[in-house]
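In what follows, a single structure is set out as structure tokens and then discussed.
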Amino acid sequence: MRSSYGYEIPTIIAILVLSFFLFSPRLVVKGSEKLWQENRTSVLGDESKKMKLINAQLKKINKPYVKSIKSPDGDIIDCVLIHLQPAFDLPKLRGTMPLDPPKLPKEHGKRRTSSRVKQAWSSNGESCPNGTIPIRRTSASDILRSRSISKFGKKISAKNNSSGRGHEHALGYLLGKQYHGIKATVNVWAPNIAHKDDFSNSQIWVISDVPNHDLNVIEAGWMVYPGLFGDNSPRLFIYWTNDGFQKSGCYNLLCSGFVQTSNQISVGAAIEEISTYSSSQFNIDLMMYKDPETRNWWLSMDSHMIGYWPWALIRELADHATMIQFGGEVFDSQASGGHTSTQMGSGHFPGEGFGKASFIKNIELVDGENTSIPELSDIILGAEKPNCYDVTSGYNGIWDNYIFFGGPGNNPQCP
């Protein structure tokens with residue numbers, strides 16, 4: 001049927017309907033406002049939930065303090081009463097007090113002297129009072145940088161990593177005996193980090209890896225990790241796990257675990273003196289060893305006791321370790337494309353030697369008699385991708401056992 005103008009009636013109806021919507025802005029705007037308001041409410045609700053989770057995390061991590069220090073690098077260091085630190089949220093430790101440091105392992109032969117590491121927060125003479133410990137304050141922005149609020153401060157294990165290629169190493173290690181500690185001098189650099197979720201570190205590991213038992217690991221060293229700390233500064237770090245990096249453990253004091261006793265060193269704080277290529281070299285002296293009496297594993301830096309991991313936290317290490325490792329680690333967070341250009345150590349291969357390549361020297365073990373052993377003949381070297389990051393080893397009368405390690409990551413031989 002046609003109208004008097006020659007158009008089909010259905011066509012006229014379609015035009016009228018279209019015109020109704022086109023020329024009724026109030027109706028369209030009202031509908032848009034409603035949809036926009038619903039979306040806004042949903043987004044605000046999600047953000048509110050997220051902030052509640054973040055605030056709950058911050059309440060667990062950040063403790064009441066007696067003094068706060070603004071570090072030149074922007075960090076805030078809180079001086080927290082020693083018995084209020086996160087470790088004492090653990091039911092096993094609640095109501096107890098930190099232990100006094102045990103005796104250091106007996107030196108076997110020459111004794112070395114070391115100068116105290118300089119950290120940014122105390123570079124202007126600031127310090128925390130006796131009876132307190134310095135803890136880097138965690139901010140909401142720190143947690144927001146994390147891939148997951150619930151996994152903030154935790155490593156991504158190889159088993160749980162689906163978004164990136166994972167961990168790569170260039171290191172030396174010992175296994176096959178019973179180990180009670182390690183001490184070593186670790187060269188400090190500021191390697192370039194390609195992606196914020198990548199990290200690079202130089203460290204020592206103490207490990208219990210026994211078939212049909214949980215993997216227990218404690219770690220200490222320095223690391224550059226923008227995703228955790230928000231900058232590219234090398235920072236003192238520690239880590240622990242008692243279930244193979246699945247659910248337990250964390251970096252530094254971001255969960256209950258490590259008991260800090262020092263009021264002079266802040267784990268997680270930036271290290272001020274950094275090595276430069278073909279110029280000045282700076283190091284930190286680290287030691288992790290088991291106290292024969294309490295079975296706790298203690299950490300010292302530059303002959304100063306920092307604190308300990310209670311044996312009840314790392315039961316597989318209560319008697320001894322089955323493996324010791326020392327060297328570098330890089331985490332490549334990218335799932336595709338070329339190999340990360342995140343550097344390890346100085347970013348140069350070990351063949352370039354002193355002043356150019358990163359090193360760990362004066363590597364000694366601690367035996368069951370709480371005595372250091374400087375001569376090691378069974379160091380094994382390992383690197384998953386030696387064209388990306390590599391490692392060499394040696395021995396001389398000044399450095400004792402040592403390794404050079406590192407590399408640039410992505411390069412023509414490591415595409």
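All residue names refer to the structure tokens as shown: chains lettered A, B, ... in order, residues numbered from 1 in each chain, ligands numbered from 1 in order.
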Could you go through stretch 113-156 of chain A and tell me which residues DSSP, when run on the backbone, assigns to helix (DSSP H, G or I), listing them as JSON, numbers by chain? {"A": [120, 121, 122, 140, 141, 142, 143, 144]}
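Proximity to A:Pro350 at 8 Å, evaluated using only C-alpha atoms and with sequence-adjacent residues fewer than 5 positions away removed, yields Ala357, Ser358, Asp390, Val391, Thr392, Phe404, Phe405, Gly406 and Gly407 of chain A.
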How would the residues just picked look written out with N, CA and C atoms as an mmCIF file, in the first residue's frame?
```
data_model
loop_
_atom_site.group_PDB
_atom_site.id
_atom_site.type_symbol
_atom_site.label_atom_id
_atom_site.label_comp_id
_atom_site.auth_asym_id
_atom_site.auth_seq_id
_atom_site.Cartn_x
_atom_site.Cartn_y
_atom_site.Cartn_z
ATOM 1 N N ALA A 357 82.639 -6.267 35.356
ATOM 2 C CA ALA A 357 81.636 -7.314 35.593
ATOM 3 C C ALA A 357 81.357 -7.432 37.084
ATOM 4 N N SER A 358 80.135 -7.829 37.410
ATOM 5 C CA SER A 358 79.734 -8.002 38.813
ATOM 6 C C SER A 358 80.372 -9.259 39.392
ATOM 7 N N ASP A 390 75.815 -14.971 32.103
ATOM 8 C CA ASP A 390 76.767 -16.077 32.267
ATOM 9 C C ASP A 390 77.509 -15.953 33.595
ATOM 10 N N VAL A 391 78.312 -16.960 33.916
ATOM 11 C CA VAL A 391 79.026 -16.998 35.189
ATOM 12 C C VAL A 391 80.352 -17.748 35.022
ATOM 13 N N THR A 392 81.394 -17.265 35.701
ATOM 14 C CA THR A 392 82.685 -17.950 35.776
ATOM 15 C C THR A 392 83.118 -17.968 37.238
ATOM 16 N N PHE A 404 82.466 -14.302 38.898
ATOM 17 C CA PHE A 404 82.010 -13.164 38.126
ATOM 18 C C PHE A 404 80.759 -13.614 37.395
ATOM 19 N N PHE A 405 79.787 -12.738 37.267
ATOM 20 C CA PHE A 405 78.527 -13.151 36.649
ATOM 21 C C PHE A 405 77.785 -11.935 36.098
ATOM 22 N N GLY A 406 76.800 -12.218 35.241
ATOM 23 C CA GLY A 406 75.937 -11.153 34.742
ATOM 24 C C GLY A 406 75.856 -11.134 33.230
ATOM 25 N N GLY A 407 75.273 -10.049 32.726
ATOM 26 C CA GLY A 407 75.111 -9.900 31.293
ATOM 27 C C GLY A 407 74.030 -8.885 30.958
#
```
Which residue out of A:Leu228, A:Ile182, A:Val330, A:Ile82 has the minimum interatomic distance to A:Ser141 when only C-alpha atoms are used? A:Leu228
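Computed from the coordinates, the atom CA of A:Leu84 to atom CA of A:Gln119 distance equals 23.2 Å.
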Within 7 Å of stretch 49-64 of chain A: each stretch 120-145 of chain A residue with its shortest pair, only C-alpha atoms, as a tab-separated table:
```
residue	atom	partner	partner_atom	distance
A:Arg137	CA	A:Asn62	CA	6.2
A:Thr138	CA	A:Asn62	CA	6.6
A:Ala140	CA	A:Ile54	CA	6.5
A:Ile143	CA	A:Ile54	CA	6.9
```
Export, as a compact mmCIF listing (two decimals), in the first residue's frame, the selected residues with C-alpha atoms.
```txt
# COMPACT_ATOMS: atom_id res chain seq x y z
CA ARG A 137 56.54 2.40 55.19
CA THR A 138 54.33 0.76 52.56
CA ALA A 140 48.77 2.40 48.70
CA ILE A 143 50.29 -2.14 46.46
```
Shell of 7 Å around A:Pro101, only C-alpha atoms, local chain residues under 2 positions omitted, as a ChimeraX atom specification: /A:99,103,305
With N, CA, C and O atoms retained, could you export that selection as a PDB file, in the first residue's frame?
```pdb
ATOM      1  N   LEU A  99      65.117 -12.381  70.291  1.00  0.00           N
ATOM      2  CA  LEU A  99      66.271 -12.977  70.959  1.00  0.00           C
ATOM      3  C   LEU A  99      67.502 -12.099  70.786  1.00  0.00           C
ATOM      4  O   LEU A  99      67.600 -11.314  69.840  1.00  0.00           O
ATOM      5  N   LYS A 103      76.624 -15.889  69.078  1.00  0.00           N
ATOM      6  CA  LYS A 103      78.024 -15.688  68.707  1.00  0.00           C
ATOM      7  C   LYS A 103      78.185 -15.873  67.204  1.00  0.00           C
ATOM      8  O   LYS A 103      77.544 -16.724  66.593  1.00  0.00           O
ATOM      9  N   MET A 305      74.503  -7.602  63.060  1.00  0.00           N
ATOM     10  CA  MET A 305      73.349  -8.491  63.057  1.00  0.00           C
ATOM     11  C   MET A 305      72.070  -7.729  62.710  1.00  0.00           C
ATOM     12  O   MET A 305      71.748  -6.708  63.324  1.00  0.00           O
TER      13      MET A 305
END
```
Quote the spacing between atom CA of A:Gln325 and atom CA of A:Gly257 in Å to one decimal place.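 Computing it gives 21.6 Å between the two atoms.
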List as a count of residues only the protein and nucleic acid residues near A:Gly394, meaning an atom at most 10 Å away when only C-alpha atoms are counted, but skip any in the same chain fewer than 6 places from it. 7
Counting only C-alpha atoms, the option among A:Tyr289, A:Trp311, A:Tyr225, A:Phe199 closest to A:Leu93: A:Trp311
Just the residues within 6 Å of stretch 259-267 of chain A, please, counting only C-alpha atoms, with nothing from its chain fewer than 4 positions along; format it as a PyMOL selection string. chain A and resi 87+128+132-135+236-237+252+306-308
Print the selection's residues with N, CA, C and O atoms to a file, as a JSON list (two decimals), in the first residue's frame.
```
[["chain", "number", "residue", "atom", "x", "y", "z"],
["A", 87, "ALA", "N", 56.47, -9.65, 62.53],
["A", 87, "ALA", "CA", 56.76, -11.04, 62.91],
["A", 87, "ALA", "C", 55.95, -11.49, 64.11],
["A", 87, "ALA", "O", 55.55, -12.66, 64.21],
["A", 128, "CYS", "N", 67.12, 5.37, 64.28],
["A", 128, "CYS", "CA", 65.98, 4.98, 65.11],
["A", 128, "CYS", "C", 66.45, 4.74, 66.54],
["A", 128, "CYS", "O", 67.56, 4.22, 66.77],
["A", 132, "THR", "N", 63.68, 0.13, 69.04],
["A", 132, "THR", "CA", 62.85, 0.20, 67.84],
["A", 132, "THR", "C", 63.63, -0.37, 66.66],
["A", 132, "THR", "O", 64.85, -0.55, 66.74],
["A", 133, "ILE", "N", 62.93, -0.64, 65.56],
["A", 133, "ILE", "CA", 63.57, -1.06, 64.31],
["A", 133, "ILE", "C", 63.06, -0.19, 63.17],
["A", 133, "ILE", "O", 61.91, 0.25, 63.18],
["A", 134, "PRO", "N", 63.91, 0.10, 62.17],
["A", 134, "PRO", "CA", 63.49, 0.93, 61.04],
["A", 134, "PRO", "C", 62.78, 0.09, 59.97],
["A", 134, "PRO", "O", 63.34, -0.87, 59.44],
["A", 135, "ILE", "N", 61.54, 0.43, 59.67],
["A", 135, "ILE", "CA", 60.75, -0.29, 58.66],
["A", 135, "ILE", "C", 60.31, 0.69, 57.58],
["A", 135, "ILE", "O", 59.70, 1.73, 57.89],
["A", 236, "LEU", "N", 68.60, -3.31, 49.72],
["A", 236, "LEU", "CA", 68.79, -4.52, 50.51],
["A", 236, "LEU", "C", 67.46, -5.26, 50.59],
["A", 236, "LEU", "O", 66.42, -4.66, 50.82],
["A", 237, "PHE", "N", 67.50, -6.58, 50.34],
["A", 237, "PHE", "CA", 66.25, -7.34, 50.44],
["A", 237, "PHE", "C", 66.50, -8.69, 51.10],
["A", 237, "PHE", "O", 67.63, -9.21, 51.13],
["A", 252, "ASN", "N", 61.20, -8.93, 52.58],
["A", 252, "ASN", "CA", 61.46, -8.00, 53.68],
["A", 252, "ASN", "C", 60.52, -8.23, 54.88],
["A", 252, "ASN", "O", 60.41, -9.37, 55.34],
["A", 306, "ILE", "N", 71.33, -8.25, 61.73],
["A", 306, "ILE", "CA", 70.06, -7.63, 61.33],
["A", 306, "ILE", "C", 68.88, -8.31, 62.00],
["A", 306, "ILE", "O", 67.94, -7.65, 62.45],
["A", 307, "GLY", "N", 68.90, -9.66, 62.09],
["A", 307, "GLY", "CA", 67.78, -10.38, 62.69],
["A", 307, "GLY", "C", 67.82, -11.84, 62.29],
["A", 307, "GLY", "O", 68.85, -12.34, 61.82],
["A", 308, "TYR", "N", 66.68, -12.52, 62.43],
["A", 308, "TYR", "CA", 66.69, -13.96, 62.20],
["A", 308, "TYR", "C", 65.33, -14.47, 61.69],
["A", 308, "TYR", "O", 64.28, -13.85, 61.90]]
```
Using only C-alpha atoms, which protein or nucleic acid residues come within 12 Å of A:Lys247? Drop anything in the same chain fewer than 6 positions from it, and give the result as a ChimeraX atom specification. /A:150-157,159-160,214-215,240-241,255
Distance of atom CA of A:Glu107 from atom CA of A:Thr371, expressed in Å to one decimal place: 6.2 Å
Can you work out which one of A:Gly327, A:Pro72, A:Gly382, A:Gly230 has the shortest atom-to-atom distance to A:Asn201, counting only C-alpha atoms?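 Under the stated criterion, the closest residue is A:Gly327.
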